[in-house]
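Participant: Pasting entry-v7.txt here (compact mmCIF, C-alpha atoms):
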# COMPACT_ATOMS: atom_id res chain seq x y z
CA MET B 213 8.49 -51.26 -3.58
CA PHE B 214 5.66 -49.25 -5.11
CA SER B 215 3.93 -47.12 -2.50
CA LEU B 216 0.19 -47.29 -3.08
CA SER B 217 -0.58 -45.05 -0.11
CA GLU B 218 1.61 -42.28 -1.54
CA LEU B 219 -0.13 -42.68 -4.90
CA LYS B 220 -3.50 -42.24 -3.20
CA ARG B 221 -2.32 -39.19 -1.27
CA GLY B 222 -1.10 -37.64 -4.51
CA MET B 223 -4.41 -38.36 -6.21
CA HIS B 224 -6.29 -36.80 -3.30
CA ASN B 225 -4.29 -33.59 -3.55
CA GLY B 226 -4.55 -33.73 -7.33
CA VAL B 227 -8.30 -33.03 -7.29
CA PRO B 228 -8.00 -29.22 -7.13
CA ILE B 229 -5.31 -29.42 -9.82
CA LEU B 230 -7.73 -31.33 -12.03
CA LEU B 231 -10.42 -28.65 -11.54
CA GLY B 232 -8.00 -25.81 -12.21
CA TYR B 233 -6.38 -27.46 -15.22
CA PHE B 234 -9.74 -28.31 -16.72
CA SER B 235 -10.79 -24.67 -16.75
CA VAL B 236 -7.47 -23.26 -17.95
CA SER B 237 -7.14 -25.82 -20.72
CA ILE B 238 -10.64 -25.04 -22.00
CA ALA B 239 -9.28 -21.59 -22.74
CA PHE B 240 -6.28 -23.21 -24.41
CA GLY B 241 -8.51 -25.48 -26.53
CA ILE B 242 -10.56 -22.50 -27.71
CA GLN B 243 -7.40 -20.57 -28.57
CA ALA B 244 -5.91 -23.55 -30.40
CA ALA B 245 -9.05 -23.93 -32.51
CA LYS B 246 -8.93 -20.21 -33.34
CA ASN B 247 -5.35 -20.67 -34.51
CA GLY B 248 -6.37 -23.42 -36.89
CA LEU B 249 -5.19 -26.45 -34.91
CA SER B 250 -7.36 -29.54 -35.17
CA PRO B 251 -8.85 -30.72 -31.85
CA VAL B 252 -6.69 -33.85 -32.02
CA ALA B 253 -3.50 -31.82 -32.53
CA ALA B 254 -4.46 -29.57 -29.60
CA MET B 255 -5.03 -32.63 -27.40
CA VAL B 256 -1.74 -34.22 -28.45
CA MET B 257 0.04 -30.97 -27.59
CA SER B 258 -1.58 -30.90 -24.15
CA LEU B 259 -0.86 -34.57 -23.50
CA THR B 260 2.81 -34.36 -24.47
CA ASN B 261 3.64 -30.93 -22.99
CA LEU B 262 1.45 -30.42 -19.93
CA THR B 263 2.34 -26.76 -19.61
CA SER B 264 0.15 -23.68 -19.99
CA ALA B 265 2.29 -20.66 -20.86
CA GLY B 266 4.51 -22.73 -23.14
CA GLN B 267 1.55 -24.05 -25.12
CA PHE B 268 -0.08 -20.65 -25.53
CA ALA B 269 3.23 -19.26 -26.80
CA ALA B 270 3.62 -22.24 -29.15
CA LEU B 271 0.32 -21.34 -30.81
CA ASP B 272 1.83 -18.00 -31.80
CA VAL B 273 4.93 -19.67 -33.24
CA ILE B 274 2.79 -22.10 -35.25
CA LYS B 275 0.46 -19.36 -36.47
CA SER B 276 3.38 -17.25 -37.68
CA ALA B 277 4.95 -20.35 -39.31
CA GLY B 278 8.15 -19.94 -37.26
CA SER B 279 11.09 -22.30 -37.60
CA LEU B 280 11.59 -25.33 -35.37
CA ILE B 281 14.61 -23.57 -33.84
CA GLU B 282 12.36 -20.68 -32.88
CA MET B 283 9.92 -23.14 -31.33
CA ALA B 284 12.72 -24.82 -29.36
CA LEU B 285 14.06 -21.50 -28.05
CA THR B 286 10.64 -20.13 -27.12
CA THR B 287 9.83 -23.32 -25.25
CA LEU B 288 13.22 -23.31 -23.53
CA LEU B 289 12.89 -19.74 -22.27
CA ILE B 290 9.29 -20.00 -21.12
CA ASN B 291 9.75 -23.36 -19.43
CA LEU B 292 13.19 -22.75 -17.96
CA ARG B 293 11.63 -22.32 -14.51
CA TYR B 294 11.01 -26.08 -14.48
CA LEU B 295 14.80 -26.47 -14.30
CA LEU B 296 14.76 -24.70 -10.93
CA MET B 297 11.74 -26.68 -9.79
CA SER B 298 13.21 -30.04 -10.77
CA SER B 299 16.43 -29.12 -8.97
CA ALA B 300 14.45 -28.39 -5.81
CA LEU B 301 12.52 -31.66 -6.17
CA SER B 302 15.79 -33.60 -6.57
CA GLN B 303 16.60 -32.62 -2.98
CA LYS B 304 13.23 -33.83 -1.68
CA LEU B 305 13.09 -37.27 -3.30
CA CYS B 306 13.51 -40.03 -0.76
CA GLN B 307 16.72 -42.04 -1.07
CA PRO B 308 17.04 -44.19 -3.00
CA THR B 309 14.65 -43.37 -5.85
CA GLY B 310 15.32 -45.39 -9.00
CA LEU B 311 15.75 -44.05 -12.48
CA SER B 312 12.30 -45.11 -13.70
CA GLY B 313 10.57 -43.28 -10.87
CA ARG B 314 12.62 -40.17 -11.60
CA LEU B 315 11.85 -40.36 -15.33
CA ILE B 316 8.12 -40.70 -14.68
CA ALA B 317 7.92 -37.94 -12.06
CA SER B 318 9.89 -35.62 -14.36
CA PHE B 319 7.04 -35.59 -16.83
CA GLY B 320 4.74 -34.11 -14.20
CA VAL B 321 6.85 -31.14 -13.10
CA THR B 322 4.28 -28.40 -13.66
CA ASP B 323 3.89 -25.30 -11.50
CA GLU B 324 1.04 -26.91 -9.61
CA ILE B 325 2.28 -30.48 -9.21
CA PHE B 326 5.65 -29.05 -8.19
CA GLY B 327 3.83 -26.90 -5.64
CA ILE B 328 2.35 -29.86 -3.79
CA SER B 329 5.30 -32.21 -4.38
CA VAL B 330 7.99 -29.92 -3.00
CA MET B 331 6.19 -29.67 0.33
CA GLN B 332 6.64 -33.40 0.90
CA SER B 333 9.68 -34.46 2.84
CA PRO B 334 10.69 -36.92 1.81
CA LEU B 335 8.94 -36.95 -1.56
CA HIS B 336 7.92 -40.33 -2.97
CA TRP B 337 7.72 -40.33 -6.75
CA GLU B 338 4.43 -42.22 -6.46
CA TYR B 339 2.92 -39.11 -4.82
CA THR B 340 3.80 -37.05 -7.88
CA LEU B 341 2.46 -39.79 -10.14
CA GLY B 342 -0.83 -39.76 -8.23
CA ALA B 343 -1.25 -36.04 -8.84
CA MET B 344 -0.34 -36.54 -12.51
CA LEU B 345 -3.02 -39.23 -12.90
CA LEU B 346 -5.67 -36.57 -12.22
CA ALA B 347 -3.90 -33.52 -13.63
CA ILE B 348 -3.19 -34.99 -17.07
CA PRO B 349 -6.80 -36.06 -17.83
CA GLY B 350 -7.94 -32.67 -16.53
CA TRP B 351 -5.55 -30.84 -18.83
CA VAL B 352 -6.24 -32.97 -21.92
CA GLY B 353 -9.99 -33.19 -21.23
CA GLY B 354 -10.33 -29.43 -20.88
CA THR B 355 -8.38 -28.97 -24.10
CA ALA B 356 -10.82 -31.29 -25.87
CA VAL B 357 -13.88 -29.50 -24.46
CA GLY B 358 -12.44 -26.13 -25.47
CA ALA B 359 -11.44 -27.28 -28.94
CA PHE B 360 -14.69 -29.09 -29.72
CA MET B 361 -17.32 -26.95 -28.01
CA GLY B 362 -15.67 -24.12 -26.09
CA ALA B 363 -18.39 -21.65 -26.93
CA LEU B 364 -21.06 -23.71 -25.20
CA LEU B 365 -19.74 -23.50 -21.63
CA PRO B 366 -21.13 -20.61 -19.53
CA ASP B 367 -18.51 -17.90 -19.04
CA ALA B 368 -19.37 -17.46 -15.36
CA VAL B 369 -18.49 -21.09 -14.60
CA ARG B 370 -15.24 -20.89 -16.53
CA ARG B 371 -14.14 -17.74 -14.73
CA ALA B 372 -14.95 -19.14 -11.30
CA LEU B 373 -12.98 -22.35 -11.98
CA GLY B 374 -10.01 -20.27 -13.07
CA VAL B 375 -9.09 -19.32 -9.50
CA ALA B 376 -8.83 -22.95 -8.35
CA LEU B 377 -5.13 -23.11 -9.18
CA TYR B 378 -4.34 -19.95 -7.24
CA ALA B 379 -6.38 -21.17 -4.28
CA MET B 380 -4.24 -24.26 -4.30
CA PHE B 381 -1.03 -22.24 -4.39
CA MET B 382 -2.21 -20.29 -1.33
CA GLY B 383 -3.28 -23.50 0.39
CA VAL B 384 0.28 -24.78 -0.07
CA VAL B 385 2.20 -21.61 0.76
CA LEU B 386 0.30 -20.06 3.66
CA PRO B 387 0.01 -22.76 6.36
CA PRO B 388 3.83 -22.98 6.90
CA CYS B 389 3.89 -19.16 7.29
CA LYS B 390 2.13 -19.52 10.63
CA LYS B 391 5.22 -21.05 12.22
CA ASP B 392 7.98 -19.34 10.25
CA THR B 393 8.74 -15.62 10.59
CA ALA B 394 10.97 -15.49 7.52
CA LEU B 395 8.19 -16.95 5.36
CA ARG B 396 5.66 -14.54 6.85
CA ILE B 397 7.75 -11.72 5.43
CA LEU B 398 8.89 -13.46 2.24
CA VAL B 399 5.47 -14.49 0.89
CA PRO B 400 3.75 -11.07 0.95
CA ALA B 401 7.01 -9.40 -0.11
CA SER B 402 7.21 -11.71 -3.14
CA MET B 403 3.68 -10.79 -4.17
CA LEU B 404 4.38 -7.09 -3.75
CA VAL B 405 7.61 -7.22 -5.75
CA SER B 406 5.86 -9.30 -8.42
CA TRP B 407 3.16 -6.64 -8.67
CA LEU B 408 5.70 -3.82 -8.97
CA PHE B 409 7.75 -5.79 -11.48
CA THR B 410 4.68 -6.45 -13.65
CA ALA B 411 3.78 -2.75 -13.57
CA LEU B 412 7.32 -1.57 -14.31
CA PHE B 413 8.23 -4.15 -16.97
CA PRO B 414 5.01 -5.12 -18.77
CA GLY B 415 7.06 -6.39 -21.73
CA ILE B 416 8.75 -9.17 -19.75
CA SER B 417 6.87 -12.47 -20.04
CA SER B 418 5.51 -14.17 -16.94
CA GLY B 419 7.95 -17.07 -17.41
CA PHE B 420 10.91 -14.72 -17.20
CA ARG B 421 9.43 -12.75 -14.32
CA ILE B 422 9.11 -15.98 -12.33
CA ILE B 423 12.72 -16.97 -13.02
CA ILE B 424 14.18 -13.52 -12.28
CA LEU B 425 12.24 -13.04 -9.05
CA ALA B 426 12.72 -16.63 -7.90
CA VAL B 427 16.49 -16.25 -8.17
CA LEU B 428 16.66 -12.74 -6.68
CA LEU B 429 14.21 -13.14 -3.81
CA SER B 430 15.16 -16.70 -2.81
CA GLY B 431 18.80 -15.62 -2.95
CA ALA B 432 18.10 -12.62 -0.74
CA ALA B 433 16.11 -14.74 1.71
CA ALA B 434 18.85 -17.41 1.80
CA ALA B 435 21.48 -14.73 2.51
CA LEU B 436 19.45 -12.88 5.14
CA ALA B 437 17.81 -15.83 6.89
CA PRO B 438 19.80 -19.01 6.21
CA VAL B 439 17.91 -22.14 7.19
CA ARG B 440 19.51 -23.90 10.12
CA GLU B 441 20.65 -27.49 9.78
CA GLY B 442 17.60 -29.75 9.73
CA GLY B 443 15.32 -26.75 9.68
CA ALA B 444 14.72 -26.96 5.96
CA ASP B 445 12.55 -30.01 6.37
CA ALA B 446 10.55 -28.74 9.34
CA MET R 175 5.26 -27.20 -41.71
CA ASN R 176 3.55 -30.17 -40.10
CA VAL R 177 2.02 -29.16 -36.79
CA TYR R 178 3.20 -32.41 -35.21
CA ALA R 179 6.84 -31.47 -35.91
CA TYR R 180 6.31 -28.37 -33.77
CA ILE R 181 4.63 -30.40 -31.05
CA LEU R 182 7.45 -32.95 -31.03
CA VAL R 183 10.12 -30.25 -30.67
CA MET R 184 8.37 -28.48 -27.82
CA ALA R 185 7.61 -31.73 -26.03
CA LEU R 186 11.26 -32.81 -26.22
CA VAL R 187 12.60 -29.47 -24.96
CA THR R 188 10.07 -29.32 -22.12
CA TYR R 189 10.77 -32.88 -21.00
CA LEU R 190 14.55 -32.42 -21.05
CA ILE R 191 14.27 -29.29 -18.87
CA ARG R 192 12.20 -31.25 -16.36
CA MET R 193 14.10 -34.50 -16.51
CA LEU R 194 17.80 -33.53 -16.45
CA PRO R 195 17.94 -32.09 -12.91
CA LEU R 196 15.82 -34.90 -11.47
CA THR R 197 17.97 -37.64 -12.95
CA LEU R 198 21.43 -36.03 -12.75
CA ILE R 199 21.29 -34.54 -9.25
CA ARG R 200 21.52 -37.59 -7.03
CA ARG R 201 23.14 -36.15 -3.93
CA GLN R 202 21.94 -33.78 -1.25
CA PHE R 203 23.45 -30.34 -1.64
CA GLN R 204 25.88 -29.51 1.17
CA SER R 205 26.09 -25.72 0.80
CA PRO R 206 23.91 -24.00 3.46
CA PHE R 207 23.21 -21.17 1.01
CA LEU R 208 22.05 -23.55 -1.73
CA LYS R 209 19.90 -25.46 0.76
CA SER R 210 18.30 -22.26 2.01
CA PHE R 211 17.83 -21.02 -1.56
CA LEU R 212 15.96 -24.17 -2.55
CA HIS R 213 13.96 -24.04 0.68
CA TYR R 214 12.65 -20.55 -0.06
CA MET R 215 12.36 -20.91 -3.84
CA PRO R 216 8.94 -22.66 -3.94
CA TYR R 217 7.36 -20.03 -1.70
CA VAL R 218 8.65 -17.24 -3.92
CA THR R 219 7.62 -18.92 -7.19
CA LEU R 220 4.10 -19.79 -6.05
CA SER R 221 3.58 -16.29 -4.58
CA VAL R 222 4.89 -14.60 -7.71
CA MET R 223 2.72 -16.77 -9.94
CA THR R 224 -0.40 -15.98 -7.91
CA PHE R 225 -0.06 -12.23 -7.62
CA PRO R 226 -0.92 -10.09 -9.51
CA ALA R 227 -2.11 -12.69 -12.09
CA ILE R 228 -5.16 -13.59 -10.02
CA LEU R 229 -6.52 -10.03 -10.29
CA SER R 230 -7.19 -10.46 -14.00
CA GLU R 231 -8.21 -14.12 -13.88
CA THR R 232 -11.93 -13.58 -13.19
CA GLY R 233 -14.64 -11.36 -14.63
CA SER R 234 -13.77 -8.40 -12.42
CA THR R 235 -11.15 -7.26 -9.93
CA VAL R 236 -13.83 -7.25 -7.23
CA SER R 237 -14.61 -10.96 -7.55
CA ALA R 238 -10.89 -11.73 -7.78
CA VAL R 239 -10.20 -9.88 -4.53
CA VAL R 240 -13.09 -11.67 -2.80
CA GLY R 241 -11.81 -15.05 -4.04
CA PHE R 242 -8.28 -14.14 -2.96
CA ALA R 243 -9.47 -13.13 0.52
CA VAL R 244 -11.40 -16.39 0.88
CA MET R 245 -8.39 -18.51 -0.07
CA ILE R 246 -6.10 -16.62 2.33
CA GLY R 247 -8.56 -16.87 5.22
CA LEU R 248 -9.30 -20.56 4.65
CA SER R 249 -5.65 -21.52 4.12
CA MET R 250 -4.98 -20.30 7.65
CA LYS R 251 -7.70 -22.59 9.03
CA THR R 252 -7.48 -25.81 7.01
CA LYS R 253 -4.92 -27.86 5.16
CA SER R 254 -7.48 -29.27 2.71
CA LEU R 255 -6.57 -27.94 -0.72
CA ILE R 256 -9.87 -29.15 -2.14
CA LEU R 257 -11.86 -27.19 0.41
CA VAL R 258 -9.82 -24.02 -0.16
CA ALA R 259 -10.14 -24.31 -3.94
CA ALA R 260 -13.87 -25.13 -3.92
CA CYS R 261 -14.75 -22.27 -1.56
CA ALA R 262 -12.67 -19.77 -3.55
CA CYS R 263 -14.38 -20.80 -6.80
CA LEU R 264 -17.79 -20.57 -5.16
CA ALA R 265 -16.97 -17.14 -3.71
CA VAL R 266 -15.98 -15.84 -7.14
CA PHE R 267 -19.09 -17.31 -8.74
CA LEU R 268 -21.44 -15.84 -6.11
CA THR R 269 -19.74 -12.42 -6.16
CA GLU R 270 -20.17 -12.22 -9.90
CA LEU R 271 -23.91 -12.82 -9.52
CA ILE R 272 -24.20 -9.44 -7.80
CA PRO R 273 -25.45 -6.93 -10.37
CA GLY R 274 -22.77 -4.55 -11.55
CA VAL R 275 -19.76 -6.69 -10.51
CA VAL R 276 -19.01 -8.10 -13.97
Please express what this file holds, its structure, as structure tokens.

Facilitator:
Amino acid sequence: MFSLSELKRGMHNGVPILLGYFSVSIAFGIQAAKNGLSPVAAMVMSLTNLTSAGQFAALDVIKSAGSLIEMALTTLLINLRYLLMSSALSQKLCQPTGLSGRLIASFGVTDEIFGISVMQSPLHWEYTLGAMLLAIPGWVGGTAVGAFMGALLPDAVRRALGVALYAMFMGVVLPPCKKDTALRILVPASMLVSWLFTALFPGISSGFRIIILAVLLSGAAAALAPVREGGADA
Amino acid sequence: MNVYAYILVMALVTYLIRMLPLTLIRRQFQSPFLKSFLHYMPYVTLSVMTFPAILSETGSTVSAVVGFAVMIGLSMKTKSLILVAACACLAVFLTELIPGVV
């Protein structure tokens, strides 16, 4: 049974994702045009990949005429964090969720859609689809605007829109901290460690930093403050 | 090389990374450690992705800090993601209107 109400809830929470994606993908569209991609190619890349860091890195591979193996490896390393995210989502999906729902929701595992989806318990795949229905047009539309007429948009507007995604992350992460002491320590600690890590290892890409710190810090938190039975869904 | 060959390869790799865990893992994990790990993981990833990246996302560190403060303060008061995002964007925009900020 298709859950229309979950679809609508996902679309509602997808609005800030649309705003954030639109602004970030304008930057991507501009960059793609600079690298000699046609606007249509840039849009096809955005539509089929729906990932920011991976697409920016791909532009470098294309520009330097790298091999397809190089492209596959670069994409694998930068997007490996989605493997962790999809694993976490697999535990949230309501039982039973059919194969088609899983295949569709998989396409939308981005940092942001993951962020709102993983807080659902249980997660209905229709919720993720709802967010995708706004996020994907935002991502592809911004790419088109950037590729066709990026120079025309006022810089001040573009910069302001850029924080929408982070605002959404905070809107997802902070409210549960009010009731959970472990999270109240973990969230600021993660930011602090991330800051130190960035300063100490500027050569390590953001994709790797996310994977390394996600494994280390979540592992430490799980060892120090194991979630009690049933508590994980509270 | 044809640009669409590149795009096809990256799209396939990205989709496989996303799809394999969601289709292959059908059972609930039993290990308390694994459960706790996956419980904390989203909070760590979202925090790590936000900071310090947000500091260099706007025209100046000042407007970024103002936007960051607004999103933290509002997140404690409301659950509406749209409201938090809109107010943070507005705060950044207004801060950057102040002469000397950008």

Participant: For atom CA of B:Phe409 and atom CA of B:Ala432, determine how far apart the two atoms are, in Å to one decimal place.

Facilitator: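 Atom CA of B:Phe409 sits 16.4 Å away from atom CA of B:Ala432.
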
Participant: Taking all atoms listed in the file into account and nothing else, which residues of chain R lie no more than 6 Å away from chain B? Please answer as a tab-separated table (two decimals) with C-alpha atoms, in the frame of the given file.

Facilitator:
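This is the output file out_26.tsv:
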chain	number	residue	atom	x	y	z
R	181	ILE	CA	4.63	-30.40	-31.05
R	184	MET	CA	8.37	-28.48	-27.82
R	185	ALA	CA	7.61	-31.73	-26.03
R	191	ILE	CA	14.27	-29.29	-18.87
R	192	ARG	CA	12.20	-31.25	-16.36
R	193	MET	CA	14.10	-34.50	-16.51
R	195	PRO	CA	17.94	-32.09	-12.91
R	196	LEU	CA	15.82	-34.90	-11.47
R	202	GLN	CA	21.94	-33.78	-1.25
R	207	PHE	CA	23.21	-21.17	1.01
R	210	SER	CA	18.30	-22.26	2.01
R	211	PHE	CA	17.83	-21.02	-1.56
R	212	LEU	CA	15.96	-24.17	-2.55
R	214	TYR	CA	12.65	-20.55	-0.06
R	215	MET	CA	12.36	-20.91	-3.84
R	217	TYR	CA	7.36	-20.03	-1.70
R	218	VAL	CA	8.65	-17.24	-3.92
R	219	THR	CA	7.62	-18.92	-7.19
R	220	LEU	CA	4.10	-19.79	-6.05
R	221	SER	CA	3.58	-16.29	-4.58
R	222	VAL	CA	4.89	-14.60	-7.71
R	224	THR	CA	-0.40	-15.98	-7.91
R	225	PHE	CA	-0.06	-12.23	-7.62
R	226	PRO	CA	-0.92	-10.09	-9.51
R	232	THR	CA	-11.93	-13.58	-13.19
R	245	MET	CA	-8.39	-18.51	-0.07
R	249	SER	CA	-5.65	-21.52	4.12
R	250	MET	CA	-4.98	-20.30	7.65
R	255	LEU	CA	-6.57	-27.94	-0.72
R	256	ILE	CA	-9.87	-29.15	-2.14
R	259	ALA	CA	-10.14	-24.31	-3.94
R	263	CYS	CA	-14.38	-20.80	-6.80
R	266	VAL	CA	-15.98	-15.84	-7.14
R	267	PHE	CA	-19.09	-17.31	-8.74

Participant: Would you mind telling me which residue in R:Val183, R:Val240, R:Leu229, R:Ile246 lies nearest to R:Leu268 when using only C-alpha atoms?

Facilitator: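 Nearest to R:Leu268: R:Val240.
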
Participant: Quick one, how far is atom CA of B:Ser235 from atom CA of R:Thr188?

Facilitator: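 Distance reported for this atom pair: 22.0 Å.
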
Participant: Could you tell me how far atom CA of R:Gly241 lies from atom CA of B:Tyr233, in Å and to one decimal?

Facilitator: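 So the two atoms, atom CA of R:Gly241 and atom CA of B:Tyr233, lie 17.6 Å apart.
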
Participant: Counting only C-alpha atoms, which of B:Gln332, B:Glu218, B:Pro366, B:Met223 gets nearest to B:Leu346?

Facilitator: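 Of B:Gln332, B:Glu218, B:Pro366, B:Met223, the one nearest B:Leu346, counting only C-alpha atoms, is B:Met223.
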